[in-house]
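As provided, my_file_3.pdb (PDB, C-alpha atoms and all ligand atoms) reads as follows.
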ATOM      1  CA  MET J   5      17.030  -8.099 -18.573
ATOM      2  CA  ALA J   6      18.672  -5.481 -16.373
ATOM      3  CA  THR J   7      18.422  -6.018 -12.612
ATOM      4  CA  LEU J   8      15.885  -3.701 -11.076
ATOM      5  CA  GLY J   9      16.489  -2.247  -7.634
ATOM      6  CA  ILE J  10      19.465  -0.391  -9.079
ATOM      7  CA  PRO J  11      17.950   3.131  -9.345
ATOM      8  CA  HIS J  12      19.284   3.736 -12.879
ATOM      9  CA  ASN J  13      17.559   0.585 -14.252
ATOM     10  CA  THR J  14      14.321   1.338 -12.416
ATOM     11  CA  ILE J  15      14.263   4.880 -13.839
ATOM     12  CA  ASN J  16      14.788   3.467 -17.355
ATOM     13  CA  ILE J  17      11.738   1.206 -16.982
ATOM     14  CA  ILE J  18       9.653   4.037 -15.551
ATOM     15  CA  LYS J  19      10.582   6.239 -18.533
ATOM     16  CA  LYS J  20      10.140   3.462 -21.107
ATOM     17  CA  TYR J  21       6.579   2.715 -19.974
ATOM     18  CA  ASN J  22       5.755   6.263 -18.870
ATOM     19  CA  ILE J  23       4.683   4.888 -15.469
ATOM     20  CA  LYS J  24       2.620   7.223 -13.306
ATOM     21  CA  PHE J  25       2.823   6.155  -9.648
ATOM     22  CA  GLN J  26      -0.649   5.361  -8.372
ATOM     23  CA  LYS J  27      -0.999   6.651  -4.844
ATOM     24  CA  LYS J  28      -4.370   4.905  -4.430
ATOM     25  CA  PHE J  29      -2.547   1.551  -4.859
ATOM     26  CA  GLY J  30       0.196   2.431  -2.350
ATOM     27  CA  GLN J  31       2.897   2.371  -5.042
ATOM     28  CA  ASN J  32       6.357   2.974  -3.586
ATOM     29  CA  PHE J  33       8.905   0.932  -5.498
ATOM     30  CA  LEU J  34      12.077  -0.354  -3.863
ATOM     31  CA  ILE J  35      15.318   1.051  -5.288
ATOM     32  CA  ASP J  36      17.884  -0.317  -2.847
ATOM     33  CA  THR J  37      19.629  -3.622  -3.546
ATOM     34  CA  HIS J  38      20.829  -3.979   0.079
ATOM     35  CA  VAL J  39      17.243  -3.844   1.351
ATOM     36  CA  LEU J  40      16.116  -6.302  -1.332
ATOM     37  CA  GLU J  41      18.921  -8.707  -0.419
ATOM     38  CA  LYS J  42      18.040  -8.371   3.263
ATOM     39  CA  ILE J  43      14.381  -9.241   2.621
ATOM     40  CA  ILE J  44      15.321 -12.271   0.499
ATOM     41  CA  SER J  45      17.843 -13.478   3.067
ATOM     42  CA  ALA J  46      15.365 -13.017   5.979
ATOM     43  CA  SER J  47      12.670 -14.922   4.069
ATOM     44  CA  ASN J  48      14.940 -18.023   3.770
ATOM     45  CA  VAL J  49      13.397 -18.759   0.362
ATOM     46  CA  THR J  50      15.009 -21.782  -1.305
ATOM     47  CA  LYS J  51      14.592 -23.680  -4.581
ATOM     48  CA  SER J  52      12.007 -25.937  -2.943
ATOM     49  CA  ASP J  53       9.665 -23.041  -2.069
ATOM     50  CA  PHE J  54       6.453 -21.786  -3.594
ATOM     51  CA  VAL J  55       6.294 -18.029  -2.943
ATOM     52  CA  LEU J  56       3.328 -15.703  -3.062
ATOM     53  CA  GLU J  57       4.287 -12.089  -3.752
ATOM     54  CA  ILE J  58       1.611  -9.467  -3.176
ATOM     55  CA  GLY J  59       2.044  -6.352  -5.332
ATOM     56  CA  PRO J  60       5.088  -7.020  -7.555
ATOM     57  CA  GLY J  61       4.960  -3.463  -8.954
ATOM     58  CA  ILE J  62       7.450  -3.386 -11.834
ATOM     59  CA  GLY J  63       8.944  -6.731 -10.744
ATOM     60  CA  THR J  64      11.907  -5.582  -8.671
ATOM     61  CA  MET J  65      11.628  -8.077  -5.814
ATOM     62  CA  THR J  66      10.009 -10.626  -8.135
ATOM     63  CA  GLN J  67      13.327 -10.952 -10.015
ATOM     64  CA  TYR J  68      15.112 -11.807  -6.762
ATOM     65  CA  LEU J  69      12.362 -14.273  -5.800
ATOM     66  CA  CYS J  70      12.508 -15.996  -9.211
ATOM     67  CA  GLU J  71      16.254 -16.479  -8.749
ATOM     68  CA  ASN J  72      15.792 -18.067  -5.322
ATOM     69  CA  ALA J  73      12.422 -19.900  -5.335
ATOM     70  CA  ARG J  74      11.012 -22.914  -7.179
ATOM     71  CA  GLU J  75       7.850 -21.088  -8.202
ATOM     72  CA  VAL J  76       6.576 -17.530  -7.735
ATOM     73  CA  MET J  77       2.979 -16.331  -7.937
ATOM     74  CA  ALA J  78       2.790 -12.547  -8.096
ATOM     75  CA  VAL J  79      -0.569 -10.800  -7.642
ATOM     76  CA  GLU J  80      -0.794  -7.244  -8.989
ATOM     77  CA  ILE J  81      -3.975  -5.135  -9.078
ATOM     78  CA  ASP J  82      -2.738  -2.413 -11.479
ATOM     79  CA  ASN J  83      -3.505  -3.328 -15.150
ATOM     80  CA  ASN J  84      -0.914  -0.813 -16.358
ATOM     81  CA  LEU J  85       1.904  -2.811 -14.765
ATOM     82  CA  ILE J  86       1.067  -6.147 -16.417
ATOM     83  CA  PRO J  87       2.922  -5.414 -19.724
ATOM     84  CA  VAL J  88       5.838  -4.027 -17.699
ATOM     85  CA  LEU J  89       6.047  -7.260 -15.685
ATOM     86  CA  ALA J  90       5.933  -9.323 -18.908
ATOM     87  CA  ASP J  91       9.065  -7.413 -19.957
ATOM     88  CA  THR J  92      11.001  -7.293 -16.661
ATOM     89  CA  LEU J  93      10.302 -10.969 -15.843
ATOM     90  CA  SER J  94      10.762 -12.314 -19.404
ATOM     91  CA  ALA J  95      13.934 -14.186 -18.411
ATOM     92  CA  TYR J  96      12.075 -16.396 -15.898
ATOM     93  CA  ASP J  97       9.850 -19.395 -16.545
ATOM     94  CA  ASN J  98       9.015 -20.005 -12.871
ATOM     95  CA  VAL J  99       6.722 -17.010 -12.370
ATOM     96  CA  THR J 100       3.007 -16.414 -12.944
ATOM     97  CA  VAL J 101       1.549 -12.919 -12.717
ATOM     98  CA  ILE J 102      -2.112 -12.663 -11.732
ATOM     99  CA  ASN J 103      -3.840  -9.348 -12.456
ATOM    100  CA  GLU J 104      -6.213  -9.320  -9.456
ATOM    101  CA  ASP J 105      -7.063  -7.685  -6.177
ATOM    102  CA  VAL J 106      -5.337  -9.957  -3.644
ATOM    103  CA  LEU J 107      -8.188  -9.440  -1.175
ATOM    104  CA  LYS J 108     -10.580 -11.104  -3.642
ATOM    105  CA  LEU J 109      -8.344 -14.022  -4.548
ATOM    106  CA  ASP J 110      -8.908 -17.606  -3.346
ATOM    107  CA  ILE J 111      -5.358 -18.178  -2.103
ATOM    108  CA  ASN J 112      -6.203 -21.582  -0.632
ATOM    109  CA  LYS J 113      -7.148 -22.760  -4.143
ATOM    110  CA  ILE J 114      -3.801 -21.536  -5.520
ATOM    111  CA  VAL J 115      -1.906 -23.333  -2.744
ATOM    112  CA  ARG J 116      -3.839 -26.554  -3.402
ATOM    113  CA  GLU J 117      -3.177 -26.397  -7.147
ATOM    114  CA  HIS J 118       0.431 -25.211  -7.104
ATOM    115  CA  ASN J 119       1.912 -26.509  -3.862
ATOM    116  CA  GLY J 120      -0.068 -29.662  -3.003
ATOM    117  CA  ASN J 121      -1.524 -27.777  -0.016
ATOM    118  CA  ASN J 122       1.955 -27.558   1.558
ATOM    119  CA  ALA J 123       2.941 -24.422   3.464
ATOM    120  CA  ILE J 124       3.947 -21.454   1.318
ATOM    121  CA  LYS J 125       6.136 -18.422   1.960
ATOM    122  CA  VAL J 126       4.688 -14.951   1.458
ATOM    123  CA  VAL J 127       7.205 -12.239   0.601
ATOM    124  CA  ALA J 128       6.164  -8.690  -0.283
ATOM    125  CA  ASN J 129       6.651  -4.980  -0.087
ATOM    126  CA  LEU J 130       3.004  -4.530   0.873
ATOM    127  CA  PRO J 131       0.613  -1.778  -0.193
ATOM    128  CA  TYR J 132       0.398  -0.100   3.242
ATOM    129  CA  TYR J 133      -3.268   0.950   2.947
ATOM    130  CA  ILE J 134      -4.404  -2.713   3.204
ATOM    131  CA  THR J 135      -1.677  -4.296   5.362
ATOM    132  CA  THR J 136      -4.004  -5.492   8.135
ATOM    133  CA  PRO J 137      -6.732  -6.952   5.838
ATOM    134  CA  ILE J 138      -4.033  -8.800   3.844
ATOM    135  CA  ILE J 139      -2.307 -10.308   6.902
ATOM    136  CA  MET J 140      -5.561 -11.086   8.741
ATOM    137  CA  GLY J 141      -7.070 -12.515   5.535
ATOM    138  CA  LEU J 142      -4.134 -14.935   5.168
ATOM    139  CA  PHE J 143      -4.381 -15.978   8.819
ATOM    140  CA  GLU J 144      -8.157 -16.233   9.127
ATOM    141  CA  SER J 145      -8.668 -18.163   5.907
ATOM    142  CA  HIS J 146      -6.106 -20.665   7.246
ATOM    143  CA  VAL J 147      -3.870 -20.560   4.179
ATOM    144  CA  PRO J 148      -1.048 -23.099   4.824
ATOM    145  CA  LEU J 149       1.759 -20.695   5.751
ATOM    146  CA  ASP J 150       5.417 -21.228   6.588
ATOM    147  CA  SER J 151       6.248 -17.545   6.996
ATOM    148  CA  ILE J 152       5.327 -14.032   5.916
ATOM    149  CA  THR J 153       8.237 -11.652   5.307
ATOM    150  CA  VAL J 154       6.914  -8.206   4.458
ATOM    151  CA  MET J 155       7.680  -4.511   4.306
ATOM    152  CA  VAL J 156       5.052  -2.599   6.261
ATOM    153  CA  GLN J 157       4.628   0.823   7.828
ATOM    154  CA  LYS J 158       6.961   1.062  10.830
ATOM    155  CA  GLU J 159       4.125   1.752  13.313
ATOM    156  CA  VAL J 160       2.253  -1.330  12.079
ATOM    157  CA  ALA J 161       5.368  -3.487  12.570
ATOM    158  CA  GLN J 162       5.600  -2.133  16.134
ATOM    159  CA  ARG J 163       1.904  -2.916  16.755
ATOM    160  CA  MET J 164       2.398  -6.450  15.428
ATOM    161  CA  GLN J 165       5.258  -7.070  17.850
ATOM    162  CA  ALA J 166       3.831  -5.206  20.868
ATOM    163  CA  THR J 167       3.554  -6.813  24.303
ATOM    164  CA  PRO J 168       0.797  -6.431  26.983
ATOM    165  CA  GLY J 169       0.531  -3.079  28.738
ATOM    166  CA  THR J 170       2.293  -1.048  26.019
ATOM    167  CA  LYS J 171       0.532   1.645  23.981
ATOM    168  CA  ASP J 172       0.951  -0.263  20.706
ATOM    169  CA  TYR J 173      -0.627  -3.462  22.102
ATOM    170  CA  GLY J 174      -3.994  -4.344  20.585
ATOM    171  CA  ALA J 175      -6.076  -6.817  18.594
ATOM    172  CA  LEU J 176      -3.466  -6.964  15.795
ATOM    173  CA  SER J 177      -0.645  -7.827  18.264
ATOM    174  CA  LEU J 178      -2.749 -10.665  19.703
ATOM    175  CA  ALA J 179      -3.724 -12.052  16.284
ATOM    176  CA  VAL J 180      -0.089 -11.999  15.145
ATOM    177  CA  ARG J 181       0.980 -13.709  18.380
ATOM    178  CA  TYR J 182      -1.775 -16.359  18.028
ATOM    179  CA  TYR J 183      -0.742 -17.277  14.497
ATOM    180  CA  SER J 184       3.006 -16.598  14.491
ATOM    181  CA  ASP J 185       6.246 -15.437  16.112
ATOM    182  CA  ALA J 186       7.085 -11.918  14.925
ATOM    183  CA  LEU J 187      10.564 -10.521  14.355
ATOM    184  CA  ILE J 188      11.409  -7.033  13.034
ATOM    185  CA  VAL J 189      14.232  -7.630  10.551
ATOM    186  CA  ALA J 190      15.106  -4.051   9.548
ATOM    187  CA  ASN J 191      13.978  -0.457   9.652
ATOM    188  CA  VAL J 192      14.021   1.005   6.143
ATOM    189  CA  PRO J 193      14.445   4.724   5.408
ATOM    190  CA  ALA J 194      12.212   6.545   2.902
ATOM    191  CA  ASN J 195      15.075   7.112   0.432
ATOM    192  CA  CYS J 196      15.080   3.376  -0.398
ATOM    193  CA  PHE J 197      11.803   3.860  -2.315
ATOM    194  CA  MET J 198      10.616   5.706  -5.397
ATOM    195  CA  PRO J 199       8.571   7.787  -4.742
ATOM    196  CA  ARG J 200       9.509   8.241  -1.080
ATOM    197  CA  PRO J 201       6.722   7.266   1.330
ATOM    198  CA  SER J 202       5.705   9.871   3.917
ATOM    199  CA  VAL J 203       5.863   7.265   6.716
ATOM    200  CA  GLY J 204       8.647   5.087   8.128
ATOM    201  CA  SER J 205       8.950   1.467   6.965
ATOM    202  CA  ALA J 206      10.110  -1.803   8.479
ATOM    203  CA  VAL J 207      10.564  -5.386   7.344
ATOM    204  CA  ILE J 208       8.876  -7.875   9.650
ATOM    205  CA  LYS J 209       9.020 -11.660   9.518
ATOM    206  CA  LEU J 210       6.115 -13.683  10.891
ATOM    207  CA  ILE J 211       7.093 -17.318  11.424
ATOM    208  CA  CYS J 212       3.776 -19.132  11.397
ATOM    209  CA  HIS J 213       2.843 -21.729  14.037
ATOM    210  CA  SER J 214       1.716 -25.150  12.943
ATOM    211  CA  ASP J 215      -0.174 -25.395  16.250
ATOM    212  CA  ALA J 216      -1.644 -22.384  18.044
ATOM    213  CA  PRO J 217       0.195 -21.523  21.306
ATOM    214  CA  VAL J 218      -3.078 -21.438  23.287
ATOM    215  CA  LYS J 219      -6.117 -23.693  23.338
ATOM    216  CA  THR J 220      -9.383 -21.973  22.599
ATOM    217  CA  ASP J 221     -12.785 -23.655  22.405
ATOM    218  CA  ASN J 222     -13.898 -21.206  19.712
ATOM    219  CA  GLU J 223     -11.306 -19.125  17.845
ATOM    220  CA  GLN J 224     -13.852 -16.653  16.416
ATOM    221  CA  PHE J 225     -15.405 -16.048  19.845
ATOM    222  CA  MET J 226     -11.944 -15.439  21.368
ATOM    223  CA  PHE J 227     -11.209 -12.790  18.709
ATOM    224  CA  ASN J 228     -14.639 -11.197  19.327
ATOM    225  CA  VAL J 229     -13.728 -11.006  23.051
ATOM    226  CA  ILE J 230     -10.358  -9.456  22.131
ATOM    227  CA  HIS J 231     -11.983  -6.857  19.843
ATOM    228  CA  ALA J 232     -14.554  -5.977  22.531
ATOM    229  CA  SER J 233     -11.779  -5.566  25.110
ATOM    230  CA  PHE J 234      -9.889  -3.054  22.954
ATOM    231  CA  SER J 235     -12.813  -1.202  21.357
ATOM    232  CA  GLN J 236     -13.083   1.176  24.314
ATOM    233  CA  ARG J 237      -9.508   1.366  25.577
ATOM    234  CA  ARG J 238     -10.276   3.703  28.470
ATOM    235  CA  LYS J 239     -13.041   1.468  29.852
ATOM    236  CA  THR J 240     -12.483  -1.479  32.194
ATOM    237  CA  LEU J 241     -12.438  -4.965  30.681
ATOM    238  CA  GLN J 242     -15.725  -5.694  32.453
ATOM    239  CA  ASN J 243     -17.504  -2.768  30.777
ATOM    240  CA  GLY J 244     -15.876  -3.407  27.397
ATOM    241  CA  LEU J 245     -17.223  -6.980  27.387
ATOM    242  CA  ALA J 246     -20.695  -6.097  28.679
ATOM    243  CA  ASN J 247     -21.078  -3.166  26.240
ATOM    244  CA  ASP J 248     -20.405  -5.225  23.114
ATOM    245  CA  SER J 249     -23.764  -6.383  21.756
ATOM    246  CA  ARG J 250     -22.110  -9.022  19.541
ATOM    247  CA  LEU J 251     -20.894 -10.926  22.604
ATOM    248  CA  ASP J 252     -24.262 -10.905  24.396
ATOM    249  CA  ILE J 253     -22.657 -11.040  27.849
ATOM    250  CA  SER J 254     -24.169  -9.488  30.970
ATOM    251  CA  LYS J 255     -22.109  -7.319  33.296
ATOM    252  CA  LYS J 256     -22.455 -10.022  35.979
ATOM    253  CA  GLU J 257     -21.121 -12.730  33.638
ATOM    254  CA  ALA J 258     -18.168 -10.507  32.693
ATOM    255  CA  ALA J 259     -17.464  -9.753  36.379
ATOM    256  CA  ASP J 260     -17.750 -13.437  37.366
ATOM    257  CA  ALA J 261     -15.351 -14.553  34.618
ATOM    258  CA  ILE J 262     -12.785 -11.895  35.571
ATOM    259  CA  SER J 263     -13.020 -12.876  39.235
ATOM    260  CA  GLN J 264     -12.811 -16.622  38.399
ATOM    261  CA  MET J 265      -9.472 -15.843  36.727
ATOM    262  CA  GLY J 266      -8.233 -14.158  39.912
ATOM    263  CA  LEU J 267      -8.067 -10.711  38.251
ATOM    264  CA  THR J 268      -9.184  -7.435  39.840
ATOM    265  CA  ASP J 269     -12.583  -6.053  38.752
ATOM    266  CA  ASN J 270     -11.091  -2.784  37.426
ATOM    267  CA  ILE J 271      -8.534  -4.496  35.161
ATOM    268  CA  ARG J 272      -8.205  -3.198  31.568
ATOM    269  CA  GLY J 273      -8.082  -5.444  28.507
ATOM    270  CA  GLU J 274      -4.763  -3.993  27.362
ATOM    271  CA  THR J 275      -2.900  -5.774  30.197
ATOM    272  CA  LEU J 276      -4.087  -9.304  29.366
ATOM    273  CA  THR J 277      -1.848 -11.829  27.611
ATOM    274  CA  LEU J 278      -3.049 -14.103  24.798
ATOM    275  CA  GLU J 279      -3.167 -16.981  27.303
ATOM    276  CA  GLN J 280      -5.458 -14.921  29.545
ATOM    277  CA  PHE J 281      -7.731 -13.982  26.621
ATOM    278  CA  ALA J 282      -8.021 -17.668  25.698
ATOM    279  CA  GLU J 283      -8.907 -18.547  29.298
ATOM    280  CA  LEU J 284     -11.387 -15.649  29.557
ATOM    281  CA  SER J 285     -13.174 -16.548  26.335
ATOM    282  CA  ASN J 286     -13.346 -20.239  27.327
ATOM    283  CA  ILE J 287     -14.934 -19.270  30.686
ATOM    284  CA  LEU J 288     -17.437 -16.892  28.996
ATOM    285  CA  LEU J 289     -18.268 -19.608  26.494
ATOM    286  CA  SER J 290     -18.948 -22.093  29.314
ATOM    287  CA  TYR J 291     -21.397 -19.573  30.888
ATOM    288  CA  LYS J 292     -23.154 -19.236  27.544
ATOM    289  CA  ILE J 293     -23.458 -22.985  27.194
ATOM    290  CA  LYS J 294     -24.771 -23.248  30.795
ATOM    291  CA  ASN J 295     -27.303 -20.485  30.136
ATOM    292  CA  LYS J 296     -28.078 -21.972  26.691
ATOM    293  CA  LYS J 297     -27.155 -18.759  24.858
ATOM    294  CA  GLY J 298     -25.756 -18.914  21.296
ATOM    295  CA  VAL J 299     -22.247 -17.687  20.479
TER     296      VAL J 299
HETATM  297  N1  LIG H   1       6.985  -4.949  -4.989
HETATM  298  C1  LIG H   1       7.191  -3.657  -5.612
HETATM  299  C2  LIG H   1       8.464  -3.055  -5.086
HETATM  300  O1  LIG H   1       8.875  -3.441  -3.987
HETATM  301  O2  LIG H   1       9.063  -2.203  -5.737
HETATM  302  C3  LIG H   1       6.010  -2.710  -5.406
HETATM  303  C4  LIG H   1       5.534  -2.531  -3.977
HETATM  304  S1  LIG H   1       4.331  -1.267  -3.772
HETATM  305  C5  LIG H   1       4.626  -0.791  -2.106
HETATM  306  C6  LIG H   1       2.790  -2.136  -3.595
HETATM  307  C7  LIG H   1       2.251  -2.830  -4.846
HETATM  308  O3  LIG H   1       1.008  -3.465  -4.524
HETATM  309  C8  LIG H   1       1.951  -1.914  -6.021
HETATM  310  O4  LIG H   1       2.486  -2.443  -7.194
HETATM  311  C9  LIG H   1       0.426  -1.869  -6.090
HETATM  312  O5  LIG H   1      -0.080  -1.624  -7.383
HETATM  313  C10 LIG H   1       0.069  -3.257  -5.580
HETATM  314  N2  LIG H   1      -1.269  -3.380  -5.003
HETATM  315  C11 LIG H   1      -1.989  -2.430  -4.338
HETATM  316  N3  LIG H   1      -3.165  -2.904  -3.933
HETATM  317  C12 LIG H   1      -3.226  -4.215  -4.330
HETATM  318  C13 LIG H   1      -4.216  -5.239  -4.209
HETATM  319  N4  LIG H   1      -5.383  -5.025  -3.578
HETATM  320  N5  LIG H   1      -3.959  -6.449  -4.767
HETATM  321  C14 LIG H   1      -2.768  -6.677  -5.415
HETATM  322  N6  LIG H   1      -1.793  -5.733  -5.552
HETATM  323  C15 LIG H   1      -2.017  -4.524  -5.018
END
Could you take the file, read its structure, and then write that structure out as structure tokens?
Ligand code: SAM
Amino acid sequence: MATLGIPHNTINIIKKYNIKFQKKFGQNFLIDTHVLEKIISASNVTKSDFVLEIGPGIGTMTQYLCENAREVMAVEIDNNLIPVLADTLSAYDNVTVINEDVLKLDINKIVREHNGNNAIKVVANLPYYITTPIIMGLFESHVPLDSITVMVQKEVAQRMQATPGTKDYGALSLAVRYYSDALIVANVPANCFMPRPSVGSAVIKLICHSDAPVKTDNEQFMFNVIHASFSQRRKTLQNGLANDSRLDISKKEAADAISQMGLTDNIRGETLTLEQFAELSNILLSYKIKNKKGV
């Protein structure tokens, strides 16, 4: 089978199967071997690894993964691409293609059955329209993860890596920081894809923590506090917390917690570090327990 990623071979497959690119599935296929090699090298995939690929497309990166990994599970939503993948991956016996929506898949079950519940590597050129639900879904369902090396929209990569006080900093930056260390590996120009995306792209590697860097008494409550703090960016942290009905926190409780942390009462959520959010949510939780309120 000819190596995909070389534009000539990709075009041949597209012609052979009369492939119509499906915009609704975020289909932009990689046609640059240097970028493919860079992703594989950054992922550090070896022959002992089980790799989950999300959205194999016509199998371009899948071929590289099959060469380097022990086992590859590739999840593709588009029925039309399944016969194409059977052709382009016919040389490999270490790959399984699942025709499913990745957001509906029980990935923990796959990891239990195929990798003895050991940490897996996720490598993908993601469909950009569902980047955040995919990444957050992997994190929040506590899939055993070694690392996630993915192509995403450039702005999303910047948000993932953003630090307190910057315009890109938000709930996604804090979630990524809680679960992993993020590193932008490369910026990728539009001409490396077919068709060309209208946005910039970047490869980001998330090296997942085995233990969270902060101690929180209730992870879900901490993320609710984070979401409340960023939902009204122009409001003070105090108002953001008190205005969120899900938290059920009075303005006095919010003010007391902020003061107990030694912060000023007009501070905004966007300046707080993950450590401060963990401390804040633990304090708010202790008030709730004292006042016998539910979480
Ligand atoms: N990996 C290929 C490549 O690099 O050339 C294709 C990447 S393309 C950006 C994204 C792929 O994800 C497409 O093949 C698309 O059909 C697939 N996809 C979109 N939504 C999906 C979903 N919910 N579950 C699984 N695959 C999905």
| What do you get as a ChimeraX atom specification if you pick all residues at most 6 Å from ligand LIG 1 (chain H), counting all atoms listed in the file? | /J:29-34,58-61,64-65,79-82,104-107,129-131
List as a PDB file with C-alpha atoms, in the frame of the given file the protein and nucleic acid residues near range 279-292 of chain J, meaning an atom at most 9 Å away when only C-alpha atoms are counted, but skip any in the same chain fewer than 4 places from it.
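Written output follows (result-v3.pdb):
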ATOM      1  CA  PRO J 217       0.195 -21.523  21.306  1.00  0.00           C
ATOM      2  CA  VAL J 218      -3.078 -21.438  23.287  1.00  0.00           C
ATOM      3  CA  LYS J 219      -6.117 -23.693  23.338  1.00  0.00           C
ATOM      4  CA  THR J 220      -9.383 -21.973  22.599  1.00  0.00           C
ATOM      5  CA  ASP J 221     -12.785 -23.655  22.405  1.00  0.00           C
ATOM      6  CA  ASN J 222     -13.898 -21.206  19.712  1.00  0.00           C
ATOM      7  CA  GLU J 223     -11.306 -19.125  17.845  1.00  0.00           C
ATOM      8  CA  PHE J 225     -15.405 -16.048  19.845  1.00  0.00           C
ATOM      9  CA  MET J 226     -11.944 -15.439  21.368  1.00  0.00           C
ATOM     10  CA  PHE J 227     -11.209 -12.790  18.709  1.00  0.00           C
ATOM     11  CA  ASN J 228     -14.639 -11.197  19.327  1.00  0.00           C
ATOM     12  CA  VAL J 229     -13.728 -11.006  23.051  1.00  0.00           C
ATOM     13  CA  ILE J 230     -10.358  -9.456  22.131  1.00  0.00           C
ATOM     14  CA  ASP J 252     -24.262 -10.905  24.396  1.00  0.00           C
ATOM     15  CA  ILE J 253     -22.657 -11.040  27.849  1.00  0.00           C
ATOM     16  CA  GLU J 257     -21.121 -12.730  33.638  1.00  0.00           C
ATOM     17  CA  ALA J 258     -18.168 -10.507  32.693  1.00  0.00           C
ATOM     18  CA  ALA J 261     -15.351 -14.553  34.618  1.00  0.00           C
ATOM     19  CA  ILE J 262     -12.785 -11.895  35.571  1.00  0.00           C
ATOM     20  CA  GLN J 264     -12.811 -16.622  38.399  1.00  0.00           C
ATOM     21  CA  MET J 265      -9.472 -15.843  36.727  1.00  0.00           C
ATOM     22  CA  GLY J 273      -8.082  -5.444  28.507  1.00  0.00           C
ATOM     23  CA  LYS J 296     -28.078 -21.972  26.691  1.00  0.00           C
ATOM     24  CA  LYS J 297     -27.155 -18.759  24.858  1.00  0.00           C
ATOM     25  CA  GLY J 298     -25.756 -18.914  21.296  1.00  0.00           C
ATOM     26  CA  VAL J 299     -22.247 -17.687  20.479  1.00  0.00           C
TER      27      VAL J 299
END
| Counting all atoms listed in the file, the residue of J:Asn112, J:Thr7, J:Asn84, J:Ser151 that sits nearest Glu71 in chain J |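 For Glu71 in chain J, the nearest of the candidates is J:Thr7.
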| message | Please enumerate the residues selected by the PyMOL selection byres (((chain J and resi 163-177) around 8) and not hetatm) when evaluated against the supplied file, formatted as a list in words. | response |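 With the PyMOL selection byres (((chain J and resi 163-177) around 8) and not hetatm) on this model, the match is Thr136, Glu159, Val160, Ala161, Gln162, Leu178, Ala179, Val180, Arg181, Ala186, Leu187, Ile188, Phe227, Ile230, His231, Phe234, Glu274, Thr275, Leu276 and Thr277 of chain J.
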| request: Would you mind telling me which residue in J:Pro148, J:Pro193, J:Gly9, J:Pro137 lies nearest to Val207 in chain J when using all atoms listed in the file? | output: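 The shortest atom-to-atom distance to Val207 in chain J comes from J:Pro193.
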Incomplete range 280-292 of chain J brought to N, CA and C atoms, written out as a compact mmCIF listing (two decimals), keeping the file's coordinate frame:
# COMPACT_ATOMS: atom_id res chain seq x y z
N GLN J 280 -4.34 -15.37 28.71
CA GLN J 280 -5.46 -14.92 29.54
C GLN J 280 -6.72 -14.69 28.71
N PHE J 281 -6.56 -14.17 27.48
CA PHE J 281 -7.73 -13.98 26.62
C PHE J 281 -8.35 -15.33 26.25
N ALA J 282 -7.50 -16.34 26.03
CA ALA J 282 -8.02 -17.67 25.70
C ALA J 282 -8.81 -18.21 26.89
N GLU J 283 -8.23 -18.06 28.09
CA GLU J 283 -8.91 -18.55 29.30
C GLU J 283 -10.24 -17.81 29.51
N LEU J 284 -10.18 -16.47 29.36
CA LEU J 284 -11.39 -15.65 29.56
C LEU J 284 -12.49 -16.06 28.58
N SER J 285 -12.13 -16.23 27.32
CA SER J 285 -13.17 -16.55 26.34
C SER J 285 -13.71 -17.96 26.57
N ASN J 286 -12.86 -18.89 27.02
CA ASN J 286 -13.35 -20.24 27.33
C ASN J 286 -14.33 -20.21 28.51
N ILE J 287 -14.03 -19.38 29.52
CA ILE J 287 -14.93 -19.27 30.69
C ILE J 287 -16.27 -18.66 30.24
N LEU J 288 -16.20 -17.56 29.45
CA LEU J 288 -17.44 -16.89 29.00
C LEU J 288 -18.28 -17.84 28.15
N LEU J 289 -17.58 -18.63 27.35
CA LEU J 289 -18.27 -19.61 26.49
C LEU J 289 -18.99 -20.66 27.35
N SER J 290 -18.33 -21.07 28.45
CA SER J 290 -18.95 -22.09 29.31
C SER J 290 -20.21 -21.51 29.97
N TYR J 291 -20.19 -20.21 30.32
CA TYR J 291 -21.40 -19.57 30.89
C TYR J 291 -22.52 -19.59 29.86
N LYS J 292 -22.14 -19.29 28.60
CA LYS J 292 -23.15 -19.24 27.54
C LYS J 292 -23.79 -20.61 27.35
